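Okay, so here's the structure we're looking at.
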Amino acid sequence: MRDKYDIIVVGGGPAGSTAAKWAAMSGAAVALFERDREIGIPVRCAEATAMDDLKKYVEVDETWFASIIDCVRFISPSGIPVEVHLPIKGVVLNRRIFDNDLAIQAASEGAEIFTKAYVHDVEFNPGDYVKVRVRHIGEGRIVKARIIIAADGIESRIARFAGIRTQAALQDVESCVQILAGNIQLPPNRIDIYVSERWAPGGYAWVFPKSSRSANIGLGVIGNKIKTESPLQLLNKFLKEIYPDVVPVATIAGGVPVARSLKTIARDGLLIVGDAARQANPVSGGGILAALRSGKLAGEIAGQAIHKNDPTISTLKEYQLAWDKTVGKEYRRFYRIKEWMQTLPDEYYDEMANWLMNLKPDEVTLTKIFKLAVKNKPSLLLDVIKVFAGY
Amino acid sequence: MIKIDIDRCDLCGTCVGVCPVDCLELSEQVLTVNQNICTSCGKCVIICPMTALTIDQGQG
């Protein structure tokens with residue numbers, strides 16, 4: 001480890017590794033610090049994303065894919081299933097492999113990767129180097145950098161050292177629990193989404209196939225809707241009733257930001273990316289694509305800032321501007337949809353499912369759902385469908 | 001004050017993300033709370049997916 005880098009990335013998830021990769025490609029000296037002992041472990045993710053969008057940001061590798069999805073089955077609160085065939089391909093990832101590969105790609109571009117490297121303090125000094133205090137395999141070091149890229153996930157503590165309030169409101173976080181289920185057989189091309197106040201108030205439960213004999217089964221509850229039953233208890237109830245025979249091979253917990261992105265994601269010597277910047281789709285909770293996109297943007301712009309010898313906000317603000325007018329704008333719209341969906345009672349979803357049930361299976365298209373949506377609530381539901389279909 | 005049940009804690013960091021006063025820290029394989037700053041607001045208790053956190057009324 002050197003005493004000084006151009007750019008230090010904190011956090012080795014998809015946002016961090018992507019930022020490190022693009023920053024290193026610009027020729028900057030880059031280090032990435034990951035607290036855990038291995039990149040990609042533990043997985044705290046349901047692992048589903050959209051294939052075509054993925055291809056926009058990275059060169060995909062077949063080994064990342066656990067299953068390829070072309071169908072979503074929504075199960076209404078009273079149990080009515082509605083299958084929707086997707087016009088695009090979805091994918092359930094092997095995040096262990098995916099995350100690892102992204103870090104290796106960053107390393108291939110010259111970024112130095114340090115695991116078991118915990119950043120416990122960051123000192124931002126106007127006009128001078130940023131001082132990063134890191135413990136790497138038990139040894140304390142002070143490392144200097146021109147720019148810090150905070151990719152420290154749901155915790156989002158790094159940006160707080162720069163005085164940015166990253167604290168999320170309870171209504172903007174989903175509290176999630178998931179098992180990797182064994183002793184289960186599912187169609188490998190379909191994901192299931194259960195919408196119900198009973199299973200997951202304000203969120204949903206999911207069943208995503210990971211192979212012909214395993215699946216991620218989990219649920220997320222909006223923070224301000226957690227009452228007497230914890231997410232863990234709700235998941236156990238769900239499993240008992242819907243999948244009584246599955247054997248959990250692993251249980252994991254995690255928080256998903258379903259917020260408006262942070263207002264401030266760039267400062268002198270600092271960029272914030274991915275979950276740390278609350279950059280996830282507020283309706284679906286999906287954060288992988290946003291992480292790749294913001295990571296790439298931040299890495300490129302940090303690289304430019306080093307080239308121009310200007311690690312201040314006057315160059316770094318380009319990241320904020322680029323995000324705000326693209327995904328940021330889209331997610332603000334999705335956030336309003338999320339807020340609206342929070343108000344819908346279970347009966348609404350049942351009514352819709354009932355209507356769709358009367359159609360022949362091949363008639364259940366997004367267009368048909370759209371027509372129903374128009375009947376019930378003109379603009380918003382279409383957006384909801386778009387969100388889930390990955391448009 | 002906030003009590004952490006380390007046997008239940010999954011080290012996911014969700015509580016850290018919502019703490020309004022930044023008194024929680026997830027360092028290497030352990031979650032700690034700075035009781036001097038904690039206001040016992042209970043947000044971390046609510047959001048924890050594993051119910052690993054509780055407010056200890058006795059000393060609150």
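For the structure tokens, the naming scheme is as follows: chains receive sequential letters (A, B, ...) according to their order of presentation, residues are indexed from 1 within each chain, and ligands are indexed from 1 in presentation order.
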
Determine, counting only C-alpha atoms, which protein, DNA and RNA residues have an atom within 12 Å of an atom of Gln57 in chain B; residues of the same chain fewer than 5 positions away are not included. Present the result as a short mmCIF file (atom, residue, chain, number, x, y, z; two decimals) with N, CA and C atoms, in the first residue's frame.
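File produced: out.cif:
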data_model
loop_
_atom_site.label_atom_id
_atom_site.label_comp_id
_atom_site.auth_asym_id
_atom_site.auth_seq_id
_atom_site.Cartn_x
_atom_site.Cartn_y
_atom_site.Cartn_z
N MET B 1 -30.69 3.52 26.54
CA MET B 1 -29.53 3.07 25.75
C MET B 1 -29.89 1.88 24.87
N ILE B 2 -29.10 1.68 23.82
CA ILE B 2 -29.36 0.61 22.87
C ILE B 2 -28.50 -0.60 23.20
N LYS B 3 -29.17 -1.75 23.19
CA LYS B 3 -28.44 -2.99 23.43
C LYS B 3 -28.35 -3.79 22.13
N SER B 40 -31.43 7.16 22.08
CA SER B 40 -32.46 6.14 22.26
C SER B 40 -33.72 6.43 21.44
N CYS B 41 -33.54 6.96 20.21
CA CYS B 41 -34.71 7.30 19.39
C CYS B 41 -35.42 6.05 18.87
N GLY B 42 -34.68 4.94 18.80
CA GLY B 42 -35.30 3.67 18.46
C GLY B 42 -35.43 3.35 16.98
#

Got a sec: who's within 7 Å of range 135-137 of chain A, counting only C-alpha atoms, leaving out chain neighbours fewer than 5 positions off, as an mmCIF file with C-alpha atoms, in the first residue's frame?
data_model
loop_
_atom_site.group_PDB
_atom_site.id
_atom_site.type_symbol
_atom_site.label_atom_id
_atom_site.label_comp_id
_atom_site.auth_asym_id
_atom_site.auth_seq_id
_atom_site.Cartn_x
_atom_site.Cartn_y
_atom_site.Cartn_z
ATOM 1 C CA LYS A 116 -9.843 -6.524 5.241
ATOM 2 C CA ALA A 117 -9.255 -2.785 4.923
ATOM 3 C CA TYR A 118 -11.575 -0.820 7.179
ATOM 4 C CA VAL A 119 -11.729 2.965 6.807
#

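Closest approach to Glu197 in chain A from the set A:Ala168, A:Val92, A:Leu344, A:Ala277 is made by A:Leu344, with distances taken over only C-alpha atoms.
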
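Nearest to chain A of all the residues B:Cys9, B:Val18, B:Ile37, B:Leu26 is B:Val18, counting only C-alpha atoms.
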
Kindly determine which residues of chain B lie within 6 Å of chain A, considering only C-alpha atoms, and give the answer as a list of chain:residue names.
B:Cys12, B:Gly13, B:Thr14, B:Val16, B:Gly17, B:Val18, B:Pro20, B:Ile47, B:Pro49, B:Met50

Write a file of the selected residues as a compact mmCIF listing (two decimals), in the first residue's frame, keeping N, CA and C atoms.
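result_36.txt written:
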# COMPACT_ATOMS: atom_id res chain seq x y z
N CYS B 12 -25.30 -6.23 8.77
CA CYS B 12 -25.74 -5.72 7.46
C CYS B 12 -25.63 -4.21 7.36
N GLY B 13 -25.56 -3.51 8.50
CA GLY B 13 -25.33 -2.06 8.46
C GLY B 13 -26.56 -1.20 8.21
N THR B 14 -27.74 -1.82 8.14
CA THR B 14 -28.94 -1.04 7.88
C THR B 14 -29.20 -0.01 8.99
N VAL B 16 -27.00 1.49 10.79
CA VAL B 16 -26.05 2.60 10.65
C VAL B 16 -26.60 3.63 9.67
N GLY B 17 -27.26 3.13 8.62
CA GLY B 17 -27.81 4.00 7.58
C GLY B 17 -28.92 4.91 8.05
N VAL B 18 -29.63 4.52 9.11
CA VAL B 18 -30.77 5.34 9.57
C VAL B 18 -30.48 6.10 10.86
N PRO B 20 -29.82 8.81 13.22
CA PRO B 20 -29.78 10.25 12.99
C PRO B 20 -28.56 10.93 13.61
N ILE B 47 -35.76 -0.74 12.34
CA ILE B 47 -35.31 -1.12 10.99
C ILE B 47 -34.56 -2.44 10.97
N PRO B 49 -33.56 -5.93 10.49
CA PRO B 49 -34.32 -7.07 9.96
C PRO B 49 -34.30 -8.28 10.89
N MET B 50 -33.25 -8.35 11.73
CA MET B 50 -33.06 -9.53 12.57
C MET B 50 -33.48 -9.28 14.03
